[in-house]
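K.L.:
Structure provided below as structure tokens; questions to follow.
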Amino acid sequence: MKPKYYISTAIAYTSAKPHIGNTYEIVLADAIARYKRLTGYDVYFQTGTDEHGQKIEQKAQEFGKEPQQFVDEIAGEVKKIWDVMNTSYDRFVRTTDPHHMQEVSKIFEKLYQQGDIYKGNYSGLYCTPCESFFTESQLKDGKCPDCGREVTYASEEAYFLKLSRYSKWLEEYIESHPDFIVPESRKNEIMNNFIKPGLQDLCVSRTSFKWGVPVTFDQDHVIYVWIDALSNYITFLGYDVDGNSDKEFQKYWPADLHLIGKDILRFHTIYWPVILKALDLPMPKQIFGHPWVLFGTDKMSKSKGNIVYADDLVEEFGVDAVRYYFLHEIPFASDGTFTKELLVERINADLANILGNLVNRTIGMAKKYFDGTIKNPKVKEELDDEFISFVESVPPKVEEQMNQIRIANAIDEIFEIFRRSNKYIDETMPWVLAKDETKKDRLMTVLYHLVEAIRYGAVLLQPFMPETSEKIFTQLNTTETQYDSLDHFGKYPSNNTLNEAEVLFQRIDVK
């Protein structure tokens with residue numbers, strides 16, 4: 001039996017086409033999911049769209065469309081971009097799905113019947129884009145602390161979730177599960193700013209708009225976005241409030257990793273655990289609040305006119321170059337920067353120079369000296385043992401970094417194989433060996449080692465740059481692409497003939 005691994009992204013809000021900040025998350029999740037599959041896990045990877053709320057109702061009106069038509073179009077855009085980025089999700093979910101809506105109604109009803117939800121009145125400062133109420137003290141310069149936009153005073157009858165009932169439990173749970181929220185800085189922020197001061201009960205229904213899941217026992221109310229959206233992680237797996245959950249739910253829940261943006265951390269680390277606790281369900285094992293992708297030094301926003309879309313970048317630079325940039329250049333715990341100049345710099349320095357050049361040179365020499373046929377006569381020297389030992393040491397290092405969700409570091413470890421291989425060419429100087437007929441077997445051994453090192457790197461690179469790995473395997477003419485083929489150096493078949501070399505990444509003129 002393979003161990004199971006359930007990873008989810010936040011579901012994208014269908015108010016507009018997703019920009020690269022949203023796309024970064026799906027690529028990050030995809031790299032983790034692919035790595036887990038590669039290393040022998042039974043992976044379930046869920047993503048999708050969040051389709052209800054006041055903002056969507058208003059947007060649809062602006063465009064003269066029915067809300068359902070509007071969200072159908074945006075959900076199609078989201079799915080198209082996720083597919084352009086070559087992401088391997090198992091299920092793409094939508095919160096307008098009738099089964100999901102039915103289950104959300106039942107969850108709301110159950111929480112109401114057991115006294116976790118009660119009816120009251122809400123008065124406060126409301127941010128429509130964030131669909132959140134704030135107190136005066138939470139505002140930043142009189143504006144929404146999350147998005148910086150204007151807030152308006154609102155008052156309406158509403159149902160509330162008794163967060164206050166679970167405040168102590170949640171604080172103790174997070175304290176006793178140090179890896180529940182990562183990175184550490186995000187955990188401290190949630191504990192110090194929200195949980196320790198004491199949780200206020202949460203408004204979980206609205207009467208001021210209609211585009212949402214209705215409260216079955218009170219038709220004036222629709223269920224507020226957070227119970228609706230957060231429940232997607234269990235409803236689409238077949239969770240049923242009445243105890244008739246599907247086998248898929250029993251198999252995959254609890255989630256191993258909820259991957260979300262740091263801006264929605266509060267909802268996933270406070271509201272969601274409380275909902276699960278109230279439903280008597282296990283907690284997800286880990287919630288990772290990833291950083292933002294900034295455009296230069298600014299947060300991307302339509303008002304600033306600095307939005308970049310992933311499908312445009314892919315058209316210009318290719319999918320794996322864009323994936324590489326997102327995965328390698330955005331730090332673990334702090335915001336990352338995107339500019340086209342930086343992307344071009346990385347393509348030239350890392351992808352064309354270090355990786356592309358290595359593959360091209362190696363196949364070129366094999367073709368020139370041996371018509372592309374690779375054998376392993378095992379004429380080794382001391383530096384070969386050091387080289388082989390280094391290559392064999394990389395898979396455990398990659399695993400260690402991936403276990404800590406340090407994706408950029410994992411990619412660095414893989415690229416050390418390519419860097420070290422380039423150095424090995426300089427050390428062994430195949431062009432000098434080729435001039436000496438007595439060194440023929442030594443030359444062939446050197447080229448065999450290079451081909452095998454490239455194969456090692458390509459196997460490990462699959463989760464991050466799947467198309468590039470596939471191209472390398474084709475050029476090497478090998479089917480040894482599984483993770484267990486890295487149990488020792490030397491799995492590349494002796495007496496095998498390489499295919500023609502093709503340029504993996506063209507150098508780009510910055511101008």
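Going through the structure tokens in order, the chains are called A, B, and so on, while each chain numbers its residues from 1 and the ligands are numbered from 1 in the order shown.
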Produce a table with one row for each residue of segment 59-176 of chain A that has an atom at most 12 Å from any atom of segment 180-193 of chain A, each row naming the nearest atom pair and its distance in Å at one decimal; use only C-alpha atoms; arrange rows by chain and rising residue number; format as a Markdown table.

P.N.:
```
| residue | atom | partner | partner_atom | distance |
| --- | --- | --- | --- | --- |
| A:Ser137 | CA | A:Asn193 | CA | 11.7 |
| A:Gln138 | CA | A:Asn193 | CA | 9.8 |
| A:Ser167 | CA | A:Met191 | CA | 10.7 |
| A:Lys168 | CA | A:Met191 | CA | 11.4 |
| A:Leu170 | CA | A:Met191 | CA | 9.6 |
| A:Glu171 | CA | A:Met191 | CA | 7.3 |
| A:Glu172 | CA | A:Met191 | CA | 10.4 |
| A:Tyr173 | CA | A:Phe180 | CA | 8.8 |
| A:Ile174 | CA | A:Phe180 | CA | 6.5 |
| A:Glu175 | CA | A:Phe180 | CA | 9.0 |
| A:Ser176 | CA | A:Phe180 | CA | 9.0 |
```

K.L.:
Please return as a ChimeraX atom specification: the residues of segment 60-212 of chain A that backbone DSSP assigns to strand (DSSP E or B).

P.N.:
/A:91-94,117-127,132-134,140,143,152-161,181-182,202-203,205-206

K.L.:
Near Val151 of chain A, counting only C-alpha atoms, which residues have an atom at most 10 Å away, once you skip same-chain residues fewer than 5 positions from it, shown as a list in words?

P.N.:
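The neighbour list is Gly124, Leu125, Tyr126, Cys127, Thr128, Pro129, Cys130, Ser132, Phe133, Phe134, Leu139, Gly142, Lys143, Cys144 and Pro145 of chain A.
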
K.L.:
Just how far from atom CA of Pro284 of chain A is atom CA of Thr96 of chain A, in Å to one decimal?

P.N.:
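Computing the Euclidean distance for atom CA of Thr96 of chain A and atom CA of Pro284 of chain A yields 23.9 Å.
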
K.L.:
Atom CA of Pro214 of chain A to atom CA of Phe236 of chain A: how many Å, to one decimal?

P.N.:
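Computing the Euclidean distance for atom CA of Pro214 of chain A and atom CA of Phe236 of chain A yields 18.8 Å.
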
K.L.:
Of the residues A:Val459, A:Ile227, A:Val241, A:Val43, which is the one nearest to Ile7 of chain A, using only C-alpha atoms?

P.N.:
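Ranked by minimum distance to Ile7 of chain A, first place goes to A:Val43.
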
K.L.:
So which residues touch segment 433-444 of chain A within 6 Å, counting only C-alpha atoms, skipping near sequence neighbours fewer than 2 positions away, as a ChimeraX atom specification?

P.N.:
/A:377,379,430-431,446-447

K.L.:
Can you pull out the residues contacting Thr47 of chain A? Cut-off 7 Å, using only C-alpha atoms, and skip same-chain residues under 5 positions away; I want them as a list in words.

P.N.:
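Counting only the stated atoms, we get Ser8, Thr9, Ala10, Ile11, Tyr89, Arg91, Phe92 and Val93 of chain A.
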
K.L.:
Store the residues of this selection in a file with C-alpha atoms, as a tab-separated table (two decimals), in the first residue's frame.

P.N.:
```
chain	number	residue	atom	x	y	z
A	8	SER	CA	-4.80	21.42	-1.74
A	9	THR	CA	-4.44	24.98	-2.94
A	10	ALA	CA	-6.79	27.75	-1.92
A	11	ILE	CA	-9.62	27.98	-4.43
A	89	TYR	CA	-4.35	18.35	-10.19
A	91	ARG	CA	-9.78	17.39	-9.15
A	92	PHE	CA	-10.78	20.92	-10.15
A	93	VAL	CA	-13.66	21.94	-7.89
```

K.L.:
Show me, as JSON lines, the residues of segment 43-159 of chain A having an atom within 8 Å of segment 303-321 of chain A, each with the closest atom pair and its distance in Å, using only C-alpha atoms.

P.N.:
```
{"residue": "A:Ile81", "atom": "CA", "partner": "A:Asp311", "partner_atom": "CA", "distance": 6.1}
{"residue": "A:Val84", "atom": "CA", "partner": "A:Asp311", "partner_atom": "CA", "distance": 6.5}
{"residue": "A:Met85", "atom": "CA", "partner": "A:Val319", "partner_atom": "CA", "distance": 6.1}
{"residue": "A:Asn86", "atom": "CA", "partner": "A:Val319", "partner_atom": "CA", "distance": 7.6}
```

K.L.:
Write the selection just made, keeping N, CA and C atoms, as a short mmCIF file (atom, residue, chain, number, x, y, z; two decimals), in the first residue's frame?

P.N.:
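Output (out.cif):
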```cif
data_model
loop_
_atom_site.label_atom_id
_atom_site.label_comp_id
_atom_site.auth_asym_id
_atom_site.auth_seq_id
_atom_site.Cartn_x
_atom_site.Cartn_y
_atom_site.Cartn_z
N ILE A 81 -5.54 28.46 -17.42
CA ILE A 81 -4.19 28.87 -16.99
C ILE A 81 -3.52 27.75 -16.19
N VAL A 84 -2.32 25.42 -18.77
CA VAL A 84 -1.16 25.99 -19.50
C VAL A 84 0.12 25.80 -18.68
N MET A 85 -0.01 25.90 -17.33
CA MET A 85 1.15 25.75 -16.45
C MET A 85 1.51 24.28 -16.21
N ASN A 86 0.81 23.38 -16.91
CA ASN A 86 1.12 21.94 -16.84
C ASN A 86 0.99 21.41 -15.42
#
```

K.L.:
Tyr448 of chain A: which residues within 8 Å, counting only C-alpha atoms, same-chain residues fewer than 3 positions away excluded, as a PyMOL selection string?

P.N.:
chain A and resi 374-376+444-445+451-452

K.L.:
With distances taken over only C-alpha atoms, which of A:Asn409, A:Gln462, A:Ser494, A:Ser15 is nearest to Thr49 of chain A?

P.N.:
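Closest to Thr49 of chain A, using only C-alpha atoms: A:Ser15.
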
K.L.:
Taking only C-alpha atoms into account, name the residue in A:Phe267, A:Phe338, A:Trp211, A:Tyr112 that is nearest to Glu66 of chain A.

P.N.:
A:Trp211

K.L.:
Need the shell around Ile275 of chain A: protein/DNA/RNA residues with any atom at most 9 Å away, counting only C-alpha atoms. Skip same-chain ones fewer than 6 positions apart. Format as an mmCIF file with N, CA and C atoms, in the first residue's frame?

P.N.:
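So the final result, stored in result.cif, reads:
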```cif
data_model
loop_
_atom_site.group_PDB
_atom_site.id
_atom_site.type_symbol
_atom_site.label_atom_id
_atom_site.label_comp_id
_atom_site.auth_asym_id
_atom_site.auth_seq_id
_atom_site.Cartn_x
_atom_site.Cartn_y
_atom_site.Cartn_z
ATOM 1 N N LEU A 111 -24.238 22.805 12.629
ATOM 2 C CA LEU A 111 -23.575 23.720 13.568
ATOM 3 C C LEU A 111 -24.614 24.587 14.301
ATOM 4 N N ASP A 116 -23.372 25.898 17.860
ATOM 5 C CA ASP A 116 -22.131 26.551 17.447
ATOM 6 C C ASP A 116 -22.400 27.768 16.567
ATOM 7 N N LEU A 161 -20.786 32.364 14.094
ATOM 8 C CA LEU A 161 -20.099 31.151 14.533
ATOM 9 C C LEU A 161 -19.390 31.477 15.847
ATOM 10 N N LEU A 163 -16.739 31.431 17.645
ATOM 11 C CA LEU A 163 -15.282 31.240 17.718
ATOM 12 C C LEU A 163 -14.812 31.321 19.164
ATOM 13 N N ILE A 227 -17.631 29.675 5.385
ATOM 14 C CA ILE A 227 -18.107 28.285 5.589
ATOM 15 C C ILE A 227 -18.268 27.600 4.238
ATOM 16 N N SER A 231 -15.234 24.707 3.225
ATOM 17 C CA SER A 231 -15.758 23.331 3.246
ATOM 18 C C SER A 231 -15.390 22.533 1.997
ATOM 19 N N LEU A 281 -14.065 16.541 13.382
ATOM 20 C CA LEU A 281 -13.198 15.979 12.332
ATOM 21 C C LEU A 281 -11.741 16.287 12.654
#
```
